[in-house]
$ cat entry38.tsv   # TSV, C-alpha atoms and all ligand atoms
chain	number	residue	atom	x	y	z
A	1	MET	CA	125.43	-66.72	-6.29
A	2	LYS	CA	125.07	-69.90	-4.23
A	3	LYS	CA	125.13	-69.31	-0.48
A	4	SER	CA	127.75	-71.21	1.53
A	5	ILE	CA	127.16	-73.00	4.83
A	6	TYR	CA	128.77	-69.94	6.48
A	7	ASP	CA	126.23	-67.57	4.88
A	8	LEU	CA	123.49	-69.83	6.24
A	9	LEU	CA	125.13	-70.14	9.68
A	10	SER	CA	125.30	-66.34	9.93
A	11	ARG	CA	121.48	-66.50	10.24
A	12	LYS	CA	121.67	-68.50	13.52
A	13	GLY	CA	119.38	-66.71	15.96
A	14	GLY	CA	118.59	-64.09	13.29
A	15	ALA	CA	116.19	-63.89	10.34
A	16	PRO	CA	114.70	-67.40	9.96
A	17	LEU	CA	115.60	-69.51	6.91
A	18	SER	CA	113.07	-70.94	4.45
A	19	MET	CA	113.45	-74.41	2.95
A	20	LEU	CA	111.17	-76.46	0.70
A	21	THR	CA	111.51	-79.91	-0.79
A	22	ALA	CA	111.84	-80.35	-4.55
A	23	TYR	CA	112.35	-83.43	-6.70
A	24	ASP	CA	112.37	-82.08	-10.27
A	25	TYR	CA	113.90	-79.36	-12.46
A	26	HIS	CA	110.89	-77.05	-12.93
A	27	THR	CA	109.87	-77.00	-9.27
A	28	ALA	CA	113.49	-76.22	-8.37
A	29	CYS	CA	113.51	-73.34	-10.90
A	30	THR	CA	110.35	-71.86	-9.35
A	31	ILE	CA	111.58	-72.24	-5.76
A	32	ASP	CA	114.87	-70.66	-6.82
A	33	GLU	CA	113.01	-67.76	-8.49
A	34	ALA	CA	110.99	-67.23	-5.26
A	35	GLY	CA	114.26	-66.70	-3.37
A	36	ILE	CA	113.78	-69.59	-0.91
A	37	ASP	CA	117.06	-70.13	0.98
A	38	MET	CA	117.38	-73.91	0.75
A	39	ILE	CA	115.97	-76.87	-1.17
A	40	LEU	CA	115.78	-80.37	0.26
A	41	VAL	CA	115.67	-83.26	-2.19
A	42	GLY	CA	113.99	-85.36	0.48
A	43	ASP	CA	113.65	-89.12	0.47
A	44	SER	CA	109.98	-88.19	0.93
A	45	LEU	CA	110.13	-88.53	-2.85
A	46	GLY	CA	109.31	-92.17	-2.10
A	47	ASN	CA	105.88	-91.08	-0.86
A	48	VAL	CA	105.10	-87.99	-2.90
A	49	MET	CA	106.72	-88.81	-6.26
A	50	LEU	CA	106.95	-92.60	-6.45
A	51	GLY	CA	103.79	-93.65	-4.58
A	52	TYR	CA	105.49	-95.85	-1.96
A	53	GLU	CA	103.84	-96.19	1.45
A	54	ASN	CA	107.02	-94.93	3.19
A	55	THR	CA	110.59	-93.84	2.43
A	56	LEU	CA	112.29	-97.21	2.99
A	57	ALA	CA	112.43	-98.37	-0.63
A	58	VAL	CA	114.16	-95.23	-1.91
A	59	THR	CA	117.65	-95.91	-3.30
A	60	VAL	CA	120.84	-93.89	-3.72
A	61	GLU	CA	120.15	-94.03	-7.49
A	62	ASP	CA	116.67	-92.50	-6.96
A	63	MET	CA	118.20	-89.68	-4.88
A	64	ILE	CA	120.90	-89.02	-7.49
A	65	HIS	CA	118.40	-89.06	-10.38
A	66	HIS	CA	116.11	-86.48	-8.71
A	67	GLY	CA	118.99	-84.58	-7.07
A	68	LYS	CA	120.63	-83.94	-10.47
A	69	ALA	CA	117.42	-82.49	-11.90
A	70	VAL	CA	116.92	-80.21	-8.89
A	71	CYS	CA	120.53	-78.99	-8.92
A	72	ARG	CA	120.20	-78.08	-12.62
A	73	GLY	CA	117.20	-75.86	-11.71
A	74	ALA	CA	118.51	-74.34	-8.47
A	75	LYS	CA	120.84	-71.68	-9.81
A	76	ASN	CA	121.14	-69.79	-6.49
A	77	THR	CA	119.41	-71.92	-3.88
A	78	PHE	CA	121.49	-74.12	-1.56
A	79	VAL	CA	120.58	-77.78	-2.22
A	80	VAL	CA	120.63	-80.59	0.35
A	81	VAL	CA	120.08	-84.20	-0.80
A	82	ASP	CA	118.84	-86.90	1.58
A	83	MET	CA	120.84	-90.08	2.16
A	84	PRO	CA	118.26	-92.88	1.83
A	85	PHE	CA	117.63	-95.83	4.15
A	86	MET	CA	120.62	-98.22	4.38
A	87	SER	CA	123.01	-95.88	2.55
A	88	TYR	CA	124.78	-94.86	5.82
A	89	GLN	CA	123.41	-97.11	8.57
A	90	THR	CA	125.62	-100.06	7.54
A	91	SER	CA	129.09	-98.55	8.17
A	92	VAL	CA	131.16	-95.37	8.26
A	93	SER	CA	132.78	-96.26	4.95
A	94	ASP	CA	129.40	-96.87	3.24
A	95	ALA	CA	128.26	-93.50	4.62
A	96	VAL	CA	131.27	-91.64	3.22
A	97	ARG	CA	131.13	-93.49	-0.13
A	98	ASN	CA	127.41	-92.82	-0.63
A	99	ALA	CA	127.61	-89.20	0.55
A	100	GLY	CA	130.49	-88.73	-1.90
A	101	ARG	CA	128.53	-90.28	-4.77
A	102	ILE	CA	125.51	-88.11	-4.02
A	103	MET	CA	127.57	-84.91	-3.92
A	104	LYS	CA	129.76	-85.79	-6.95
A	105	GLU	CA	126.90	-86.92	-9.18
A	106	THR	CA	124.23	-84.34	-8.26
A	107	ASN	CA	126.32	-81.22	-7.61
A	108	CYS	CA	124.45	-80.59	-4.33
A	109	GLN	CA	125.91	-78.53	-1.49
A	110	ALA	CA	125.16	-80.87	1.45
A	111	VAL	CA	123.67	-84.23	2.39
A	112	LYS	CA	121.17	-85.03	5.14
A	113	LEU	CA	120.92	-88.17	7.23
A	114	GLU	CA	118.52	-89.29	9.95
A	115	GLY	CA	119.60	-90.16	13.50
A	116	GLY	CA	121.38	-88.68	16.50
A	117	ALA	CA	124.41	-89.64	18.62
A	118	VAL	CA	124.42	-93.17	17.25
A	119	TYR	CA	125.42	-91.83	13.80
A	120	ALA	CA	127.85	-89.16	15.05
A	121	ASP	CA	130.77	-91.22	13.68
A	122	ARG	CA	129.19	-91.19	10.17
A	123	ILE	CA	128.59	-87.42	10.36
A	124	LYS	CA	132.18	-86.75	11.50
A	125	ALA	CA	133.64	-88.89	8.71
A	126	ILE	CA	131.45	-87.33	5.99
A	127	VAL	CA	132.30	-83.80	7.18
A	128	GLU	CA	136.02	-84.73	7.27
A	129	ALA	CA	135.65	-85.81	3.64
A	130	GLY	CA	134.59	-82.22	2.85
A	131	ILE	CA	130.84	-82.77	2.61
A	132	PRO	CA	128.55	-80.55	4.73
A	133	VAL	CA	125.96	-82.54	6.71
A	134	VAL	CA	122.45	-81.76	7.90
A	135	ALA	CA	121.32	-84.14	10.66
A	136	HIS	CA	117.65	-85.07	11.19
A	137	ILE	CA	116.26	-85.95	14.63
A	138	GLY	CA	112.86	-86.20	16.32
A	139	LEU	CA	110.50	-88.11	14.04
A	140	THR	CA	112.84	-89.94	11.67
A	141	PRO	CA	110.65	-91.59	9.00
A	142	GLN	CA	113.32	-94.17	8.04
A	143	SER	CA	112.82	-95.64	11.55
A	144	VAL	CA	109.01	-95.76	11.27
A	145	ASN	CA	108.97	-99.46	12.13
A	146	MET	CA	110.91	-98.84	15.36
A	147	LEU	CA	108.92	-95.72	16.27
A	148	GLY	CA	105.61	-97.53	15.74
A	149	GLY	CA	104.19	-94.84	13.47
A	150	TYR	CA	104.47	-91.15	12.65
A	151	LYS	CA	104.13	-89.63	16.13
A	152	VAL	CA	105.24	-86.48	17.94
A	153	GLN	CA	108.60	-87.17	19.61
A	154	GLY	CA	110.25	-85.96	22.83
A	155	LYS	CA	107.19	-85.73	25.06
A	156	THR	CA	108.59	-87.38	28.23
A	157	VAL	CA	111.52	-86.09	30.31
A	158	GLU	CA	113.73	-88.97	29.08
A	159	ALA	CA	112.74	-88.55	25.42
A	160	ALA	CA	113.14	-84.76	25.55
A	161	GLN	CA	116.58	-85.01	27.21
A	162	HIS	CA	117.57	-87.67	24.67
A	163	LEU	CA	116.62	-85.29	21.85
A	164	ILE	CA	118.74	-82.48	23.34
A	165	ASP	CA	121.67	-84.89	23.81
A	166	ASP	CA	121.29	-86.09	20.19
A	167	ALA	CA	121.28	-82.50	18.91
A	168	LYS	CA	124.47	-81.73	20.86
A	169	ALA	CA	126.13	-84.94	19.63
A	170	VAL	CA	125.40	-84.32	15.92
A	171	ALA	CA	126.45	-80.66	16.20
A	172	GLU	CA	129.66	-81.74	17.96
A	173	ALA	CA	130.26	-84.25	15.14
A	174	GLY	CA	130.13	-81.38	12.64
A	175	ALA	CA	126.54	-81.16	11.35
A	176	PHE	CA	125.99	-77.50	10.39
A	177	ALA	CA	122.20	-77.87	10.56
A	178	ILE	CA	119.68	-80.16	12.24
A	179	THR	CA	116.19	-80.93	10.99
A	180	LEU	CA	113.76	-81.25	13.92
A	181	GLU	CA	110.65	-83.15	12.87
A	182	CYS	CA	107.45	-83.41	14.94
A	183	VAL	CA	108.82	-82.08	18.20
A	184	PRO	CA	106.91	-79.88	20.72
A	185	ALA	CA	107.65	-76.21	20.03
A	186	ALA	CA	109.10	-75.42	23.49
A	187	LEU	CA	111.51	-78.37	23.20
A	188	ALA	CA	112.57	-77.33	19.67
A	189	GLN	CA	113.25	-73.84	21.03
A	190	LYS	CA	115.41	-75.32	23.82
A	191	VAL	CA	117.34	-77.43	21.27
A	192	THR	CA	117.83	-74.33	19.11
A	193	GLU	CA	119.33	-72.48	22.07
A	194	SER	CA	121.55	-75.46	23.00
A	195	VAL	CA	123.48	-75.94	19.74
A	196	PRO	CA	125.58	-73.77	17.42
A	197	ALA	CA	124.05	-75.59	14.42
A	198	LEU	CA	121.00	-74.21	12.62
A	199	THR	CA	117.73	-75.91	13.50
A	200	ILE	CA	115.26	-76.36	10.65
A	201	GLY	CA	111.84	-77.33	11.94
A	202	ILE	CA	108.98	-79.29	10.42
A	203	GLY	CA	106.19	-79.58	12.96
A	204	ALA	CA	108.53	-78.01	15.54
A	205	GLY	CA	107.06	-74.53	16.06
A	206	ASN	CA	108.41	-71.14	15.12
A	207	GLY	CA	111.35	-70.99	17.52
A	208	CYS	CA	113.68	-72.82	15.12
A	209	ASP	CA	116.29	-71.11	12.92
A	210	GLY	CA	114.30	-72.10	9.84
A	211	GLN	CA	111.32	-74.02	8.51
A	212	VAL	CA	110.94	-76.78	5.95
A	213	LEU	CA	107.81	-78.18	4.29
A	214	VAL	CA	107.18	-80.78	1.61
A	215	TYR	CA	106.13	-78.69	-1.37
A	216	GLN	CA	103.22	-80.96	-2.36
A	217	ASP	CA	101.78	-80.53	1.15
A	218	MET	CA	102.01	-76.73	1.20
A	219	LEU	CA	100.60	-76.46	-2.33
A	220	GLY	CA	97.63	-78.75	-1.56
A	221	TYR	CA	98.78	-81.03	-4.40
A	222	THR	CA	96.94	-84.07	-3.07
A	223	ASP	CA	93.53	-84.34	-1.43
A	224	GLY	CA	94.64	-86.96	1.12
A	225	PHE	CA	95.61	-86.60	4.79
A	226	THR	CA	97.30	-83.31	5.73
A	227	PRO	CA	99.50	-83.32	8.85
A	228	LYS	CA	98.61	-80.73	11.56
A	229	PHE	CA	101.88	-78.83	10.99
A	230	VAL	CA	101.20	-78.15	7.31
A	231	LYS	CA	99.78	-74.85	6.14
A	232	LYS	CA	98.22	-75.07	2.66
A	233	TYR	CA	99.24	-72.00	0.66
A	234	ALA	CA	97.31	-73.16	-2.42
A	235	ASN	CA	94.90	-75.85	-3.55
A	236	LEU	CA	96.68	-77.27	-6.58
A	237	HIS	CA	94.74	-80.53	-6.46
A	238	GLU	CA	91.52	-78.68	-7.20
A	239	VAL	CA	93.13	-76.52	-9.90
A	240	MET	CA	94.67	-79.57	-11.62
A	241	LEU	CA	91.55	-81.71	-11.34
A	242	GLU	CA	89.42	-78.97	-12.91
A	243	ALA	CA	91.93	-78.45	-15.73
A	244	PHE	CA	92.15	-82.22	-16.46
A	245	LYS	CA	88.35	-82.54	-16.49
A	246	GLN	CA	87.95	-79.53	-18.81
A	247	TYR	CA	90.63	-80.93	-21.16
A	248	LYS	CA	88.89	-84.33	-21.26
A	249	ALA	CA	85.56	-82.67	-22.08
A	250	GLU	CA	87.10	-80.50	-24.82
A	251	CYS	CA	88.86	-83.50	-26.41
A	252	GLU	CA	85.58	-85.35	-26.43
A	253	ASN	CA	83.51	-82.50	-27.90
A	254	ARG	CA	86.27	-81.30	-30.31
A	255	THR	CA	86.44	-77.79	-28.84
A	256	PHE	CA	90.18	-78.41	-28.40
A	257	PRO	CA	92.33	-77.86	-30.42
A	258	THR	CA	91.05	-74.58	-31.84
A	259	PRO	CA	92.50	-72.96	-35.03
A	260	SER	CA	94.97	-71.02	-32.82
A	261	HIS	CA	96.53	-74.33	-31.67
A	262	THR	CA	96.66	-75.74	-35.21
A	263	PHE	CA	99.28	-75.75	-38.03
A	264	LYS	CA	98.18	-74.83	-41.59
A	265	ILE	CA	99.15	-76.15	-45.01
A	266	SER	CA	98.53	-74.29	-48.28
A	267	GLU	CA	95.61	-75.31	-50.53
A	268	GLU	CA	98.11	-75.60	-53.40
A	269	VAL	CA	100.03	-78.40	-51.61
A	270	LEU	CA	96.84	-80.11	-50.56
A	271	GLU	CA	95.48	-80.13	-54.11
A	272	LYS	CA	98.57	-81.99	-55.37
A	273	LEU	CA	98.06	-84.91	-52.98
A	274	TYR	CA	96.33	-88.08	-54.15
B	301	LIG	O1	112.37	-86.31	3.17
B	301	LIG	C1	111.90	-85.23	3.54
B	301	LIG	O2	111.12	-84.55	2.85
B	301	LIG	C2	112.30	-84.74	4.85
B	301	LIG	C3	111.50	-83.61	5.41
B	301	LIG	C4	110.26	-84.15	6.00
B	301	LIG	C5	112.29	-82.81	6.37
B	301	LIG	O3	113.18	-85.26	5.46
$ encode --input "entry38.tsv" --output "structure tokens"
Amino acid sequence: MKKSIYDLLSRKGGAPLSMLTAYDYHTACTIDEAGIDMILVGDSLGNVMLGYENTLAVTVEDMIHHGKAVCRGAKNTFVVVDMPFMSYQTSVSDAVRNAGRIMKETNCQAVKLEGGAVYADRIKAIVEAGIPVVAHIGLTPQSVNMLGGYKVQGKTVEAAQHLIDDAKAVAEAGAFAITLECVPAALAQKVTESVPALTIGIGAGNGCDGQVLVYQDMLGYTDGFTPKFVKKYANLHEVMLEAFKQYKAECENRTFPTPSHTFKISEEVLEKLY
């Protein structure tokens, strides 16, 4: 049975929630089978699935395409789909229309959008339309050009207070959860204690109500840069590379396919061919 936002909210201050990103049907099935509480169809799909340098080019159509596949695989897991860059920034009505499209067309349980107090009016309107919202503050990758890079946020008194104020504003607007990205652990803990909403941390220490990671990062799917906050639970890149190399070699030396991978035809049929 799918959990509701109230099942998730009952974990506030209790047993921490687990969340992973997913962008396709089979990964969603496996995450679901593992009993992970929540899946995020992140706009990080721009980086990890589509090969863009950042998330800015991702469209509502991209999110719907991947969101649908994930929702088909996530039989029990609560699914959140990201609202991409410029799908809510432009106006309250664009925000409600695009959140509605995403929910209607993917069958997800909530949408996520980046930004604090400045987007409280969008969050309020989306929630009033019946769509649960996860806010995302701290490092907000859609604002990478304003932030000047992917840096830890909230390190000065002003920045830390601003983060707490943003968390209170988005919770007040109706967000049931808040993603805290790249925030010092003690500040994330303070935010967690300051709001009734669930905090889901990524690079925000273990004092949050839950954790989220990009699944390619935690599986070691690529051999590129790994952020400090990522723990690699596997080294899939190595496993895949070895398998691809072995396959190439076996194609080239005809050791694949073997008779066990091969269909037969009777001699009688063969003899009749000319
Ligand atoms: O898009 C994404 O994967 C995210 C996570 C980094 C939280 O927003």
$ closest_atom_pairs --input "entry38.tsv" --of "chain A" --to "ligand LIG 301 (chain B)" --cutoff "7 Å" --atoms "only C-alpha atoms and all ligand atoms" --output "JSON lines"
{"residue": "A:Thr21", "atom": "CA", "partner": "B:LIG301", "partner_atom": "O2", "distance": 5.9}
{"residue": "A:Leu40", "atom": "CA", "partner": "B:LIG301", "partner_atom": "O2", "distance": 6.8}
{"residue": "A:Val41", "atom": "CA", "partner": "B:LIG301", "partner_atom": "O2", "distance": 6.9}
{"residue": "A:Gly42", "atom": "CA", "partner": "B:LIG301", "partner_atom": "O1", "distance": 3.3}
{"residue": "A:Asp43", "atom": "CA", "partner": "B:LIG301", "partner_atom": "O1", "distance": 4.1}
{"residue": "A:Ser44", "atom": "CA", "partner": "B:LIG301", "partner_atom": "O1", "distance": 3.8}
{"residue": "A:Leu45", "atom": "CA", "partner": "B:LIG301", "partner_atom": "O1", "distance": 6.8}
{"residue": "A:Asp82", "atom": "CA", "partner": "B:LIG301", "partner_atom": "O1", "distance": 6.7}
{"residue": "A:Thr179", "atom": "CA", "partner": "B:LIG301", "partner_atom": "C5", "distance": 6.3}
{"residue": "A:Glu181", "atom": "CA", "partner": "B:LIG301", "partner_atom": "C5", "distance": 6.7}
{"residue": "A:Ile202", "atom": "CA", "partner": "B:LIG301", "partner_atom": "C5", "distance": 6.3}
{"residue": "A:Val212", "atom": "CA", "partner": "B:LIG301", "partner_atom": "C5", "distance": 6.2}
{"residue": "A:Leu213", "atom": "CA", "partner": "B:LIG301", "partner_atom": "C3", "distance": 6.7}
{"residue": "A:Val214", "atom": "CA", "partner": "B:LIG301", "partner_atom": "O2", "distance": 5.6}
$ atom_distance --input "entry38.tsv" --atom1 "atom CA of Met19 of chain A" --atom2 "atom CA of Gln142 of chain A"
20.4 Å
$ closest_residue --input "entry38.tsv" --among "A:Asn98, A:Thr156, A:Gln189, A:Thr222" --to "Glu238 of chain A" --atoms "all atoms listed in the file"
A:Thr222
$ closest_residue --input "entry38.tsv" --among "A:Leu219, A:Val60, A:Met83, A:Leu198" --to "Ala15 of chain A" --atoms "only C-alpha atoms"
A:Leu198
$ residues_near_point --input "entry38.tsv" --point "(123.7, -99.5, 2.2)" --cutoff "12 Å" --atoms "all atoms listed in the file" --output "list in words"
Leu56, Ala57, Val58, Thr59, Val60, Glu61, Met83, Pro84, Phe85, Met86, Ser87, Tyr88, Gln89, Thr90, Ser91, Val92, Ser93, Asp94, Ala95, Val96, Arg97, Asn98 and Ala99 of chain A
$ closest_residue --input "entry38.tsv" --among "A:Glu172, A:Glu128, A:Glu193, A:Asp32" --to "Cys208 of chain A" --atoms "all atoms listed in the file"
A:Glu193
$ decode --input "entry38.tsv" --residues "segment 214-226 of chain A" --atoms "all heavy atoms" --output "short mmCIF file (atom, residue, chain, number, x, y, z; two decimals), in the first residue's frame"
data_model
loop_
_atom_site.label_atom_id
_atom_site.label_comp_id
_atom_site.auth_asym_id
_atom_site.auth_seq_id
_atom_site.Cartn_x
_atom_site.Cartn_y
_atom_site.Cartn_z
N VAL A 214 21.39 10.51 -4.88
CA VAL A 214 21.21 10.18 -6.30
C VAL A 214 21.70 8.73 -6.46
O VAL A 214 22.82 8.41 -6.04
CB VAL A 214 22.02 11.16 -7.18
CG1 VAL A 214 22.05 10.70 -8.64
CG2 VAL A 214 21.43 12.58 -7.07
N TYR A 215 20.86 7.88 -7.06
CA TYR A 215 21.20 6.45 -7.00
C TYR A 215 22.48 6.12 -7.77
O TYR A 215 23.25 5.25 -7.36
CB TYR A 215 20.01 5.57 -7.42
CG TYR A 215 19.92 5.21 -8.89
CD1 TYR A 215 20.63 4.14 -9.41
CD2 TYR A 215 19.12 5.95 -9.75
CE1 TYR A 215 20.54 3.81 -10.76
CE2 TYR A 215 19.03 5.63 -11.09
CZ TYR A 215 19.74 4.57 -11.59
OH TYR A 215 19.66 4.26 -12.92
N GLN A 216 22.75 6.85 -8.85
CA GLN A 216 24.00 6.58 -9.58
C GLN A 216 25.22 6.88 -8.71
O GLN A 216 26.24 6.19 -8.80
CB GLN A 216 24.09 7.43 -10.86
CG GLN A 216 23.22 6.95 -11.99
CD GLN A 216 21.83 7.55 -11.96
OE1 GLN A 216 21.40 8.07 -10.96
NE2 GLN A 216 21.13 7.44 -13.07
N ASP A 217 25.12 7.90 -7.87
CA ASP A 217 26.24 8.26 -6.98
C ASP A 217 26.47 7.15 -5.96
O ASP A 217 27.60 6.72 -5.74
CB ASP A 217 25.94 9.55 -6.21
CG ASP A 217 25.99 10.80 -7.09
OD1 ASP A 217 26.53 10.72 -8.21
OD2 ASP A 217 25.49 11.85 -6.64
N MET A 218 25.39 6.68 -5.31
CA MET A 218 25.59 5.71 -4.22
C MET A 218 25.92 4.31 -4.75
O MET A 218 26.46 3.48 -4.04
CB MET A 218 24.40 5.70 -3.25
CG MET A 218 23.05 5.37 -3.81
SD MET A 218 22.69 3.63 -3.87
CE MET A 218 22.36 3.30 -2.16
N LEU A 219 25.62 4.08 -6.04
CA LEU A 219 25.99 2.79 -6.63
C LEU A 219 27.37 2.83 -7.31
O LEU A 219 27.81 1.82 -7.84
CB LEU A 219 24.95 2.35 -7.67
CG LEU A 219 23.58 1.91 -7.14
CD1 LEU A 219 22.69 1.46 -8.29
CD2 LEU A 219 23.71 0.80 -6.11
N GLY A 220 28.01 4.00 -7.33
CA GLY A 220 29.31 4.10 -8.02
C GLY A 220 29.16 3.80 -9.50
O GLY A 220 29.96 3.10 -10.10
N TYR A 221 28.09 4.37 -10.11
CA TYR A 221 27.75 4.08 -11.50
C TYR A 221 28.71 4.75 -12.48
O TYR A 221 28.88 4.30 -13.60
CB TYR A 221 26.32 4.61 -11.72
CG TYR A 221 25.51 3.96 -12.79
CD1 TYR A 221 24.61 2.94 -12.46
CD2 TYR A 221 25.59 4.36 -14.11
CE1 TYR A 221 23.83 2.35 -13.43
CE2 TYR A 221 24.81 3.77 -15.08
CZ TYR A 221 23.93 2.77 -14.73
OH TYR A 221 23.16 2.18 -15.69
N THR A 222 29.26 5.90 -12.04
CA THR A 222 30.21 6.60 -12.91
C THR A 222 31.56 6.65 -12.20
O THR A 222 31.63 6.49 -10.98
CB THR A 222 29.76 8.05 -13.19
OG1 THR A 222 29.76 8.75 -11.95
CG2 THR A 222 28.39 8.10 -13.82
N ASP A 223 32.62 6.90 -12.95
CA ASP A 223 33.94 6.97 -12.30
C ASP A 223 34.41 8.41 -12.20
O ASP A 223 35.58 8.68 -11.97
CB ASP A 223 34.96 6.09 -13.04
CG ASP A 223 35.26 6.62 -14.42
OD1 ASP A 223 34.49 7.47 -14.92
OD2 ASP A 223 36.27 6.19 -15.01
N GLY A 224 33.47 9.38 -12.35
CA GLY A 224 33.84 10.79 -12.28
C GLY A 224 33.89 11.28 -10.84
O GLY A 224 34.02 10.50 -9.89
N PHE A 225 33.76 12.60 -10.68
CA PHE A 225 33.82 13.25 -9.37
C PHE A 225 32.71 12.75 -8.44
O PHE A 225 31.56 12.62 -8.87
CB PHE A 225 33.69 14.77 -9.58
CG PHE A 225 33.43 15.53 -8.31
CD1 PHE A 225 34.46 15.72 -7.39
CD2 PHE A 225 32.17 16.05 -8.04
CE1 PHE A 225 34.22 16.42 -6.21
CE2 PHE A 225 31.93 16.76 -6.86
CZ PHE A 225 32.96 16.94 -5.95
N THR A 226 33.06 12.45 -7.20
CA THR A 226 32.05 12.05 -6.21
C THR A 226 32.00 13.09 -5.11
O THR A 226 33.01 13.34 -4.44
CB THR A 226 32.42 10.68 -5.59
OG1 THR A 226 32.59 9.74 -6.65
CG2 THR A 226 31.34 10.19 -4.65
#
